[in-house]
>>> print(open('work_37.txt').read())   # compact mmCIF, N, CA and C atoms
# COMPACT_ATOMS: atom_id res chain seq x y z
N MET L 1 0.84 -1.17 0.00
CA MET L 1 0.00 0.00 0.00
C MET L 1 0.89 1.24 0.00
N THR L 2 0.53 2.20 -0.78
CA THR L 2 1.34 3.41 -0.89
C THR L 2 1.01 4.38 0.24
N ALA L 3 1.86 5.38 0.38
CA ALA L 3 1.69 6.36 1.45
C ALA L 3 0.41 7.17 1.22
N SER L 4 0.09 7.49 -0.05
CA SER L 4 -1.12 8.27 -0.31
C SER L 4 -2.37 7.44 -0.02
N ALA L 5 -2.32 6.16 -0.27
CA ALA L 5 -3.47 5.30 0.03
C ALA L 5 -3.68 5.21 1.54
N LEU L 6 -2.58 5.12 2.28
CA LEU L 6 -2.68 5.08 3.74
C LEU L 6 -3.23 6.39 4.29
N ALA L 7 -2.77 7.50 3.73
CA ALA L 7 -3.26 8.80 4.16
C ALA L 7 -4.75 8.95 3.86
N GLY L 8 -5.18 8.47 2.70
CA GLY L 8 -6.61 8.52 2.35
C GLY L 8 -7.44 7.67 3.28
N ALA L 9 -6.95 6.48 3.63
CA ALA L 9 -7.68 5.59 4.55
C ALA L 9 -7.76 6.23 5.94
N ALA L 10 -6.69 6.87 6.38
CA ALA L 10 -6.69 7.52 7.69
C ALA L 10 -7.66 8.69 7.70
N ALA L 11 -7.72 9.47 6.63
CA ALA L 11 -8.64 10.60 6.56
C ALA L 11 -10.09 10.11 6.57
N GLN L 12 -10.37 9.01 5.88
CA GLN L 12 -11.74 8.45 5.87
C GLN L 12 -12.11 7.96 7.26
N ALA L 13 -11.18 7.34 7.97
CA ALA L 13 -11.45 6.85 9.33
C ALA L 13 -11.74 8.01 10.28
N GLN L 14 -10.99 9.12 10.12
CA GLN L 14 -11.23 10.29 10.95
C GLN L 14 -12.59 10.90 10.65
N ALA L 15 -12.99 10.95 9.38
CA ALA L 15 -14.30 11.49 9.03
C ALA L 15 -15.40 10.62 9.63
N THR L 16 -15.23 9.29 9.59
CA THR L 16 -16.22 8.39 10.14
C THR L 16 -16.35 8.59 11.65
N VAL L 17 -15.25 8.72 12.36
CA VAL L 17 -15.28 8.94 13.80
C VAL L 17 -15.93 10.28 14.10
N GLY L 18 -15.58 11.31 13.35
CA GLY L 18 -16.16 12.64 13.55
C GLY L 18 -17.66 12.66 13.35
N GLU L 19 -18.16 11.88 12.40
CA GLU L 19 -19.60 11.85 12.14
C GLU L 19 -20.35 11.10 13.24
N ARG L 20 -19.67 10.36 14.05
CA ARG L 20 -20.30 9.60 15.13
C ARG L 20 -20.23 10.31 16.47
N VAL L 21 -19.39 11.33 16.58
CA VAL L 21 -19.20 12.01 17.87
C VAL L 21 -20.47 12.74 18.30
N LEU L 22 -21.09 13.50 17.43
CA LEU L 22 -22.29 14.27 17.80
C LEU L 22 -23.45 13.36 18.21
N PRO L 23 -23.80 12.33 17.41
CA PRO L 23 -24.88 11.44 17.86
C PRO L 23 -24.56 10.74 19.18
N ALA L 24 -23.32 10.30 19.36
CA ALA L 24 -22.94 9.63 20.60
C ALA L 24 -23.02 10.60 21.78
N THR L 25 -22.61 11.85 21.57
CA THR L 25 -22.67 12.86 22.63
C THR L 25 -24.12 13.14 23.02
N CYS L 26 -25.00 13.25 22.03
CA CYS L 26 -26.43 13.46 22.33
C CYS L 26 -26.98 12.31 23.17
N LEU L 27 -26.61 11.09 22.83
CA LEU L 27 -27.10 9.93 23.58
C LEU L 27 -26.50 9.88 24.99
N VAL L 28 -25.26 10.33 25.15
CA VAL L 28 -24.67 10.40 26.49
C VAL L 28 -25.46 11.37 27.35
N VAL L 29 -25.76 12.55 26.80
CA VAL L 29 -26.51 13.56 27.56
C VAL L 29 -27.89 13.01 27.93
N LEU L 30 -28.60 12.43 26.96
CA LEU L 30 -29.92 11.86 27.25
C LEU L 30 -29.84 10.75 28.29
N GLY L 31 -28.87 9.87 28.14
CA GLY L 31 -28.71 8.78 29.10
C GLY L 31 -28.47 9.28 30.51
N VAL L 32 -27.63 10.29 30.64
CA VAL L 32 -27.34 10.85 31.96
C VAL L 32 -28.58 11.52 32.55
N VAL L 33 -29.29 12.30 31.74
CA VAL L 33 -30.49 12.99 32.22
C VAL L 33 -31.56 11.99 32.64
N PHE L 34 -31.83 10.99 31.80
CA PHE L 34 -32.87 10.01 32.12
C PHE L 34 -32.48 9.20 33.36
N THR L 35 -31.22 8.82 33.46
CA THR L 35 -30.77 8.05 34.62
C THR L 35 -30.84 8.88 35.89
N MET L 36 -30.45 10.14 35.81
CA MET L 36 -30.55 11.03 36.98
C MET L 36 -32.00 11.17 37.42
N MET L 37 -32.91 11.36 36.47
CA MET L 37 -34.31 11.52 36.81
C MET L 37 -34.84 10.24 37.46
N GLY L 38 -34.45 9.09 36.95
CA GLY L 38 -34.89 7.83 37.53
C GLY L 38 -34.35 7.62 38.94
N ARG L 39 -33.07 7.89 39.12
CA ARG L 39 -32.48 7.69 40.45
C ARG L 39 -33.04 8.68 41.47
N MET L 40 -33.16 9.93 41.08
CA MET L 40 -33.70 10.94 42.00
C MET L 40 -35.17 10.67 42.30
N GLY L 41 -35.91 10.22 41.29
CA GLY L 41 -37.32 9.89 41.52
C GLY L 41 -37.47 8.72 42.46
N ALA L 42 -36.67 7.70 42.28
CA ALA L 42 -36.75 6.51 43.13
C ALA L 42 -36.39 6.85 44.58
N ARG L 43 -35.46 7.75 44.76
CA ARG L 43 -35.05 8.15 46.12
C ARG L 43 -35.92 9.26 46.69
N ARG L 44 -36.83 9.76 45.87
CA ARG L 44 -37.72 10.87 46.26
C ARG L 44 -36.92 12.12 46.63
N THR L 45 -35.85 12.36 45.89
CA THR L 45 -35.04 13.55 46.12
C THR L 45 -35.20 14.59 45.02
N LEU L 46 -36.04 14.30 44.05
CA LEU L 46 -36.29 15.26 42.96
C LEU L 46 -37.40 16.20 43.40
N ALA L 47 -37.01 17.35 43.91
CA ALA L 47 -37.98 18.32 44.43
C ALA L 47 -38.77 18.95 43.28
N PRO L 48 -40.00 19.33 43.54
CA PRO L 48 -40.79 20.02 42.51
C PRO L 48 -40.04 21.26 42.00
N ASN L 49 -40.00 21.39 40.68
CA ASN L 49 -39.28 22.51 40.06
C ASN L 49 -39.90 22.80 38.71
N ALA L 50 -39.46 23.85 38.07
CA ALA L 50 -40.03 24.27 36.80
C ALA L 50 -39.27 23.73 35.59
N LEU L 51 -38.19 22.98 35.80
CA LEU L 51 -37.34 22.61 34.68
C LEU L 51 -37.24 21.12 34.43
N PHE L 52 -37.18 20.32 35.47
CA PHE L 52 -36.77 18.93 35.35
C PHE L 52 -37.79 18.03 36.03
N GLY L 53 -38.36 17.10 35.29
CA GLY L 53 -39.28 16.15 35.88
C GLY L 53 -40.58 16.06 35.10
N ILE L 54 -41.52 15.30 35.67
CA ILE L 54 -42.83 15.10 35.06
C ILE L 54 -43.75 16.21 35.55
N ARG L 55 -44.09 17.11 34.63
CA ARG L 55 -44.89 18.27 35.00
C ARG L 55 -46.27 18.15 34.35
N THR L 56 -47.25 17.81 35.16
CA THR L 56 -48.65 17.77 34.73
C THR L 56 -49.45 18.60 35.72
N LYS L 57 -50.74 18.77 35.43
CA LYS L 57 -51.58 19.52 36.37
C LYS L 57 -51.57 18.87 37.75
N ARG L 58 -51.64 17.55 37.76
CA ARG L 58 -51.69 16.84 39.04
C ARG L 58 -50.39 16.94 39.80
N THR L 59 -49.26 16.82 39.13
CA THR L 59 -47.98 16.86 39.85
C THR L 59 -47.63 18.27 40.30
N THR L 60 -48.12 19.27 39.61
CA THR L 60 -47.83 20.65 40.03
C THR L 60 -48.78 21.13 41.11
N ARG L 61 -49.94 20.50 41.24
CA ARG L 61 -50.90 20.89 42.29
C ARG L 61 -50.52 20.34 43.65
N SER L 62 -49.86 19.20 43.69
CA SER L 62 -49.61 18.54 44.96
C SER L 62 -48.17 18.04 45.04
N GLU L 63 -47.48 18.44 46.08
CA GLU L 63 -46.11 17.98 46.28
C GLU L 63 -46.09 16.48 46.55
N HIS L 64 -47.07 15.97 47.26
CA HIS L 64 -47.17 14.53 47.53
C HIS L 64 -47.28 13.75 46.22
N VAL L 65 -48.14 14.21 45.33
CA VAL L 65 -48.32 13.53 44.04
C VAL L 65 -47.03 13.63 43.21
N TRP L 66 -46.35 14.76 43.27
CA TRP L 66 -45.08 14.92 42.55
C TRP L 66 -44.12 13.79 42.92
N TYR L 67 -43.91 13.60 44.22
CA TYR L 67 -42.96 12.58 44.67
C TYR L 67 -43.45 11.17 44.34
N GLU L 68 -44.73 10.92 44.50
CA GLU L 68 -45.28 9.59 44.22
C GLU L 68 -45.18 9.24 42.73
N VAL L 69 -45.51 10.19 41.88
CA VAL L 69 -45.45 9.94 40.43
C VAL L 69 -44.01 9.70 40.00
N HIS L 70 -43.09 10.48 40.50
CA HIS L 70 -41.69 10.29 40.12
C HIS L 70 -41.13 8.97 40.64
N ALA L 71 -41.56 8.56 41.83
CA ALA L 71 -41.12 7.27 42.35
C ALA L 71 -41.69 6.13 41.50
N ALA L 72 -42.95 6.25 41.07
CA ALA L 72 -43.57 5.20 40.25
C ALA L 72 -42.99 5.16 38.84
N ALA L 73 -42.56 6.30 38.33
CA ALA L 73 -42.01 6.37 36.97
C ALA L 73 -40.50 6.11 36.93
N ALA L 74 -39.87 6.00 38.09
CA ALA L 74 -38.41 5.85 38.15
C ALA L 74 -37.88 4.64 37.38
N PRO L 75 -38.49 3.45 37.49
CA PRO L 75 -37.95 2.32 36.72
C PRO L 75 -38.01 2.55 35.21
N TRP L 76 -39.04 3.24 34.78
CA TRP L 76 -39.18 3.53 33.35
C TRP L 76 -38.11 4.53 32.89
N ALA L 77 -37.82 5.52 33.72
CA ALA L 77 -36.79 6.50 33.38
C ALA L 77 -35.40 5.84 33.37
N LEU L 78 -35.16 4.94 34.32
CA LEU L 78 -33.89 4.22 34.32
C LEU L 78 -33.76 3.35 33.07
N ALA L 79 -34.85 2.71 32.66
CA ALA L 79 -34.82 1.90 31.44
C ALA L 79 -34.54 2.78 30.22
N ALA L 80 -35.12 3.98 30.21
CA ALA L 80 -34.86 4.91 29.10
C ALA L 80 -33.39 5.30 29.07
N GLY L 81 -32.78 5.48 30.23
CA GLY L 81 -31.35 5.78 30.29
C GLY L 81 -30.51 4.63 29.77
N VAL L 82 -30.88 3.41 30.12
CA VAL L 82 -30.15 2.23 29.64
C VAL L 82 -30.25 2.14 28.11
N VAL L 83 -31.44 2.39 27.58
CA VAL L 83 -31.61 2.35 26.12
C VAL L 83 -30.74 3.42 25.44
N ALA L 84 -30.69 4.61 26.03
CA ALA L 84 -29.85 5.67 25.45
C ALA L 84 -28.38 5.26 25.47
N PHE L 85 -27.93 4.67 26.57
CA PHE L 85 -26.53 4.23 26.64
C PHE L 85 -26.27 3.08 25.67
N ALA L 86 -27.24 2.19 25.48
CA ALA L 86 -27.09 1.12 24.49
C ALA L 86 -27.01 1.71 23.08
N GLY L 87 -27.73 2.81 22.86
CA GLY L 87 -27.67 3.48 21.57
C GLY L 87 -26.28 4.00 21.25
N ILE L 88 -25.53 4.39 22.27
CA ILE L 88 -24.15 4.85 22.06
C ILE L 88 -23.33 3.72 21.43
N ILE L 89 -23.50 2.53 21.96
CA ILE L 89 -22.76 1.38 21.44
C ILE L 89 -23.15 1.14 19.98
N LEU L 90 -24.45 1.22 19.69
CA LEU L 90 -24.90 1.04 18.30
C LEU L 90 -24.31 2.10 17.38
N VAL L 91 -24.34 3.35 17.82
CA VAL L 91 -23.82 4.44 17.00
C VAL L 91 -22.33 4.24 16.71
N LEU L 92 -21.60 3.75 17.68
CA LEU L 92 -20.16 3.59 17.50
C LEU L 92 -19.78 2.33 16.72
N LEU L 93 -20.62 1.30 16.77
CA LEU L 93 -20.23 0.02 16.16
C LEU L 93 -20.89 -0.27 14.81
N LEU L 94 -22.06 0.28 14.56
CA LEU L 94 -22.75 -0.03 13.30
C LEU L 94 -22.06 0.67 12.13
N PRO L 95 -22.27 0.15 10.93
CA PRO L 95 -21.72 0.83 9.74
C PRO L 95 -22.27 2.25 9.64
N GLU L 96 -21.52 3.08 8.95
CA GLU L 96 -21.83 4.50 8.84
C GLU L 96 -23.25 4.77 8.35
N ASP L 97 -23.76 3.95 7.46
CA ASP L 97 -25.09 4.15 6.91
C ASP L 97 -26.19 3.99 7.96
N PHE L 98 -25.90 3.35 9.09
CA PHE L 98 -26.92 3.05 10.09
C PHE L 98 -26.81 3.93 11.34
N VAL L 99 -25.91 4.90 11.34
CA VAL L 99 -25.71 5.76 12.51
C VAL L 99 -26.97 6.56 12.81
N LEU L 100 -27.55 7.20 11.80
CA LEU L 100 -28.75 8.00 12.01
C LEU L 100 -29.91 7.11 12.47
N LEU L 101 -30.04 5.95 11.88
CA LEU L 101 -31.10 5.02 12.28
C LEU L 101 -30.92 4.60 13.74
N ALA L 102 -29.70 4.31 14.15
CA ALA L 102 -29.43 3.92 15.54
C ALA L 102 -29.77 5.07 16.49
N LEU L 103 -29.42 6.29 16.11
CA LEU L 103 -29.72 7.46 16.94
C LEU L 103 -31.23 7.64 17.08
N LEU L 104 -31.93 7.64 15.95
CA LEU L 104 -33.38 7.84 15.99
C LEU L 104 -34.09 6.73 16.75
N LEU L 105 -33.66 5.51 16.55
CA LEU L 105 -34.27 4.38 17.24
C LEU L 105 -34.03 4.48 18.75
N SER L 106 -32.83 4.81 19.16
CA SER L 106 -32.52 4.93 20.59
C SER L 106 -33.31 6.05 21.24
N VAL L 107 -33.35 7.20 20.60
CA VAL L 107 -34.11 8.33 21.15
C VAL L 107 -35.60 8.00 21.17
N GLY L 108 -36.09 7.41 20.09
CA GLY L 108 -37.51 7.07 20.03
C GLY L 108 -37.93 6.08 21.11
N VAL L 109 -37.15 5.05 21.31
CA VAL L 109 -37.49 4.05 22.34
C VAL L 109 -37.36 4.69 23.73
N SER L 110 -36.35 5.50 23.95
CA SER L 110 -36.18 6.15 25.26
C SER L 110 -37.36 7.06 25.58
N VAL L 111 -37.76 7.88 24.63
CA VAL L 111 -38.89 8.79 24.85
C VAL L 111 -40.18 8.00 25.05
N THR L 112 -40.36 6.93 24.29
CA THR L 112 -41.54 6.08 24.45
C THR L 112 -41.58 5.47 25.85
N LEU L 113 -40.45 5.02 26.35
CA LEU L 113 -40.39 4.49 27.71
C LEU L 113 -40.74 5.56 28.74
N LEU L 114 -40.23 6.76 28.56
CA LEU L 114 -40.56 7.84 29.49
C LEU L 114 -42.05 8.16 29.47
N LEU L 115 -42.64 8.22 28.29
CA LEU L 115 -44.07 8.49 28.19
C LEU L 115 -44.89 7.37 28.81
N ALA L 116 -44.51 6.13 28.54
CA ALA L 116 -45.23 4.99 29.12
C ALA L 116 -45.11 5.02 30.65
N GLY L 117 -43.94 5.32 31.16
CA GLY L 117 -43.76 5.42 32.61
C GLY L 117 -44.58 6.53 33.22
N THR L 118 -44.67 7.65 32.53
CA THR L 118 -45.48 8.77 33.01
C THR L 118 -46.95 8.38 33.08
N PHE L 119 -47.46 7.79 32.01
CA PHE L 119 -48.87 7.38 32.00
C PHE L 119 -49.13 6.31 33.05
N HIS L 120 -48.22 5.37 33.19
CA HIS L 120 -48.37 4.32 34.20
C HIS L 120 -48.41 4.93 35.60
N ALA L 121 -47.49 5.83 35.88
CA ALA L 121 -47.42 6.45 37.20
C ALA L 121 -48.66 7.29 37.49
N LEU L 122 -49.10 8.06 36.51
CA LEU L 122 -50.27 8.90 36.72
C LEU L 122 -51.54 8.08 36.94
N ARG L 123 -51.62 6.92 36.31
CA ARG L 123 -52.79 6.06 36.53
C ARG L 123 -52.74 5.39 37.90
N ARG L 124 -51.53 5.12 38.39
CA ARG L 124 -51.37 4.45 39.68
C ARG L 124 -51.63 5.36 40.87
N ILE L 125 -51.29 6.62 40.73
CA ILE L 125 -51.39 7.56 41.84
C ILE L 125 -52.72 8.30 41.74
N PRO L 126 -53.56 8.21 42.78
CA PRO L 126 -54.86 8.89 42.71
C PRO L 126 -54.72 10.41 42.73
N ASP L 127 -55.71 11.05 42.16
CA ASP L 127 -55.76 12.51 42.12
C ASP L 127 -56.10 13.03 43.51
N PRO L 128 -55.34 14.01 44.04
CA PRO L 128 -55.63 14.52 45.38
C PRO L 128 -57.01 15.18 45.48
N GLU L 129 -57.57 15.62 44.38
CA GLU L 129 -58.90 16.22 44.41
C GLU L 129 -59.99 15.18 44.53
N ASP L 130 -59.62 13.91 44.32
CA ASP L 130 -60.56 12.81 44.44
C ASP L 130 -60.25 12.06 45.74
N ALA L 131 -60.56 12.68 46.88
CA ALA L 131 -60.11 12.21 48.20
C ALA L 131 -60.66 10.83 48.56
N ASP L 132 -61.79 10.43 48.02
CA ASP L 132 -62.36 9.15 48.41
C ASP L 132 -61.57 7.96 47.85
N ARG L 133 -60.64 8.19 46.95
CA ARG L 133 -59.81 7.10 46.41
C ARG L 133 -58.53 6.88 47.19
N TRP L 134 -58.18 7.82 48.09
CA TRP L 134 -56.95 7.69 48.88
C TRP L 134 -57.13 6.61 49.93
N PRO L 135 -56.11 5.79 50.16
CA PRO L 135 -56.21 4.77 51.22
C PRO L 135 -56.32 5.42 52.58
N VAL L 136 -57.07 4.80 53.46
CA VAL L 136 -57.28 5.35 54.80
C VAL L 136 -56.25 4.82 55.76
>>> encode(input="work_37.txt", output="structure tokens")
Amino acid sequence: MTASALAGAAAQAQATVGERVLPATCLVVLGVVFTMMGRMGARRTLAPNALFGIRTKRTTRSEHVWYEVHAAAAPWALAAGVVAFAGIILVLLLPEDFVLLALLLSVGVSVTLLLAGTFHALRRIPDPEDADRWPV
């Protein structure tokens, strides 16, 4: 192999790595955020706030419901974080043509898990305005 062929192969490898850095970085950020939300929700340390967490009418009306919903949705958020981290592996190992597909699939499954966890948690936790459903 000639020196110019080696230089061309090295430049192509650098371009391939560069094209994977942004999708992998996005998945790292999502994985960290989802995992943090899951861990803080499970420990009930995610205080009501305007930026981070499950914000619905019910969770913003009652601090008790906020903590209960986040605790119930925590396993789903942790699963979403695991899927995002698994997506990093796919983005780095799959052929170049499948990087975008791996990114979209990972983000799509993670968001779907978060939505499913939110709906599951909201159905499990009674509305504070419906006092007759609360356990005595």
>>> atom_distance(input="work_37.txt", atom1="atom C of Ala84 (chain L)", atom2="atom N of Val28 (chain L)")
6.0 Å
>>> residues_around(input="work_37.txt", residues="region 117-123 of chain L", least_positions_apart="2", cutoff="9 Å", atoms="only C-alpha atoms", output="ChimeraX atom specification")
/L:54,58-59,65,68-77,112-115,125-127
>>> closest_residue(input="work_37.txt", among="L:Pro48, L:Pro23, L:Gly38, L:Gly108", to="Ala79 (chain L)", atoms="all atoms listed in the file")
L:Gly38
>>> closest_residue(input="work_37.txt", among="L:Leu51, L:Ile88, L:Arg43, L:Thr60", to="Thr25 (chain L)", atoms="all atoms listed in the file")
L:Ile88
>>> residues_around(input="work_37.txt", residues="Val91 (chain L)", least_positions_apart="6", cutoff="8 Å", atoms="all atoms listed in the file", output="PyMOL selection string")
chain L and resi 19-21+23-24+98-103
>>> axis_aligned_box(input="work_37.txt", around="region 102-121 of chain L", padding_each_side="5 Å", output="lines of an AutoDock Vina configuration file")
center_x = -39.3
center_y = 6.4
center_z = 25.8
size_x = 29.7
size_y = 14.9
size_z = 33.3
>>> closest_residue(input="work_37.txt", among="L:Gly81, L:Pro95, L:Glu63, L:Ala50", to="Met37 (chain L)", atoms="only C-alpha atoms")
L:Gly81
>>> atom_distance(input="work_37.txt", atom1="atom N of Ala116 (chain L)", atom2="atom C of Gly31 (chain L)")
16.5 Å
>>> residues_near_point(input="work_37.txt", point="(-33.3, 10.5, 26.3)", cutoff="8 Å", atoms="all atoms listed in the file", output="PyMOL selection string")
chain L and resi 26-35+80-81+83-85+106-111
>>> write_last_selection(input="work_37.txt", atoms="N, CA and C atoms", output="PDB file, in the coordinates of the input")
ATOM      1  N   CYS L  26     -25.000  13.250  22.030  1.00  0.00           N
ATOM      2  CA  CYS L  26     -26.430  13.460  22.330  1.00  0.00           C
ATOM      3  C   CYS L  26     -26.980  12.310  23.170  1.00  0.00           C
ATOM      4  N   LEU L  27     -26.610  11.090  22.830  1.00  0.00           N
ATOM      5  CA  LEU L  27     -27.100   9.930  23.580  1.00  0.00           C
ATOM      6  C   LEU L  27     -26.500   9.880  24.990  1.00  0.00           C
ATOM      7  N   VAL L  28     -25.260  10.330  25.150  1.00  0.00           N
ATOM      8  CA  VAL L  28     -24.670  10.400  26.490  1.00  0.00           C
ATOM      9  C   VAL L  28     -25.460  11.370  27.350  1.00  0.00           C
ATOM     10  N   VAL L  29     -25.760  12.550  26.800  1.00  0.00           N
ATOM     11  CA  VAL L  29     -26.510  13.560  27.560  1.00  0.00           C
ATOM     12  C   VAL L  29     -27.890  13.010  27.930  1.00  0.00           C
ATOM     13  N   LEU L  30     -28.600  12.430  26.960  1.00  0.00           N
ATOM     14  CA  LEU L  30     -29.920  11.860  27.250  1.00  0.00           C
ATOM     15  C   LEU L  30     -29.840  10.750  28.290  1.00  0.00           C
ATOM     16  N   GLY L  31     -28.870   9.870  28.140  1.00  0.00           N
ATOM     17  CA  GLY L  31     -28.710   8.780  29.100  1.00  0.00           C
ATOM     18  C   GLY L  31     -28.470   9.280  30.510  1.00  0.00           C
ATOM     19  N   VAL L  32     -27.630  10.290  30.640  1.00  0.00           N
ATOM     20  CA  VAL L  32     -27.340  10.850  31.960  1.00  0.00           C
ATOM     21  C   VAL L  32     -28.580  11.520  32.550  1.00  0.00           C
ATOM     22  N   VAL L  33     -29.290  12.300  31.740  1.00  0.00           N
ATOM     23  CA  VAL L  33     -30.490  12.990  32.220  1.00  0.00           C
ATOM     24  C   VAL L  33     -31.560  11.990  32.640  1.00  0.00           C
ATOM     25  N   PHE L  34     -31.830  10.990  31.800  1.00  0.00           N
ATOM     26  CA  PHE L  34     -32.870  10.010  32.120  1.00  0.00           C
ATOM     27  C   PHE L  34     -32.480   9.200  33.360  1.00  0.00           C
ATOM     28  N   THR L  35     -31.220   8.820  33.460  1.00  0.00           N
ATOM     29  CA  THR L  35     -30.770   8.050  34.620  1.00  0.00           C
ATOM     30  C   THR L  35     -30.840   8.880  35.890  1.00  0.00           C
ATOM     31  N   ALA L  80     -35.120   3.980  30.210  1.00  0.00           N
ATOM     32  CA  ALA L  80     -34.860   4.910  29.100  1.00  0.00           C
ATOM     33  C   ALA L  80     -33.390   5.300  29.070  1.00  0.00           C
ATOM     34  N   GLY L  81     -32.780   5.480  30.230  1.00  0.00           N
ATOM     35  CA  GLY L  81     -31.350   5.780  30.290  1.00  0.00           C
ATOM     36  C   GLY L  81     -30.510   4.630  29.770  1.00  0.00           C
ATOM     37  N   VAL L  83     -31.440   2.390  27.580  1.00  0.00           N
ATOM     38  CA  VAL L  83     -31.610   2.350  26.120  1.00  0.00           C
ATOM     39  C   VAL L  83     -30.740   3.420  25.440  1.00  0.00           C
ATOM     40  N   ALA L  84     -30.690   4.610  26.030  1.00  0.00           N
ATOM     41  CA  ALA L  84     -29.850   5.670  25.450  1.00  0.00           C
ATOM     42  C   ALA L  84     -28.380   5.260  25.470  1.00  0.00           C
ATOM     43  N   PHE L  85     -27.930   4.670  26.570  1.00  0.00           N
ATOM     44  CA  PHE L  85     -26.530   4.230  26.640  1.00  0.00           C
ATOM     45  C   PHE L  85     -26.270   3.080  25.670  1.00  0.00           C
ATOM     46  N   SER L 106     -32.830   4.810  19.160  1.00  0.00           N
ATOM     47  CA  SER L 106     -32.520   4.930  20.590  1.00  0.00           C
ATOM     48  C   SER L 106     -33.310   6.050  21.240  1.00  0.00           C
ATOM     49  N   VAL L 107     -33.350   7.200  20.600  1.00  0.00           N
ATOM     50  CA  VAL L 107     -34.110   8.330  21.150  1.00  0.00           C
ATOM     51  C   VAL L 107     -35.600   8.000  21.170  1.00  0.00           C
ATOM     52  N   GLY L 108     -36.090   7.410  20.090  1.00  0.00           N
ATOM     53  CA  GLY L 108     -37.510   7.070  20.030  1.00  0.00           C
ATOM     54  C   GLY L 108     -37.930   6.080  21.110  1.00  0.00           C
ATOM     55  N   VAL L 109     -37.150   5.050  21.310  1.00  0.00           N
ATOM     56  CA  VAL L 109     -37.490   4.050  22.340  1.00  0.00           C
ATOM     57  C   VAL L 109     -37.360   4.690  23.730  1.00  0.00           C
ATOM     58  N   SER L 110     -36.350   5.500  23.950  1.00  0.00           N
ATOM     59  CA  SER L 110     -36.180   6.150  25.260  1.00  0.00           C
ATOM     60  C   SER L 110     -37.360   7.060  25.580  1.00  0.00           C
ATOM     61  N   VAL L 111     -37.760   7.880  24.630  1.00  0.00           N
ATOM     62  CA  VAL L 111     -38.890   8.790  24.850  1.00  0.00           C
ATOM     63  C   VAL L 111     -40.180   8.000  25.050  1.00  0.00           C
TER      64      VAL L 111
END
>>> closest_residue(input="work_37.txt", among="L:Thr56, L:Leu78, L:Leu90, L:Leu22", to="Met36 (chain L)", atoms="only C-alpha atoms")
L:Leu78
>>> select_by_dssp(input="work_37.txt", residues="region 36-128 of chain L", states="alpha helix (DSSP H)", output="number ranges by chain")
L: 36-43, 57-61, 63-93, 99-124
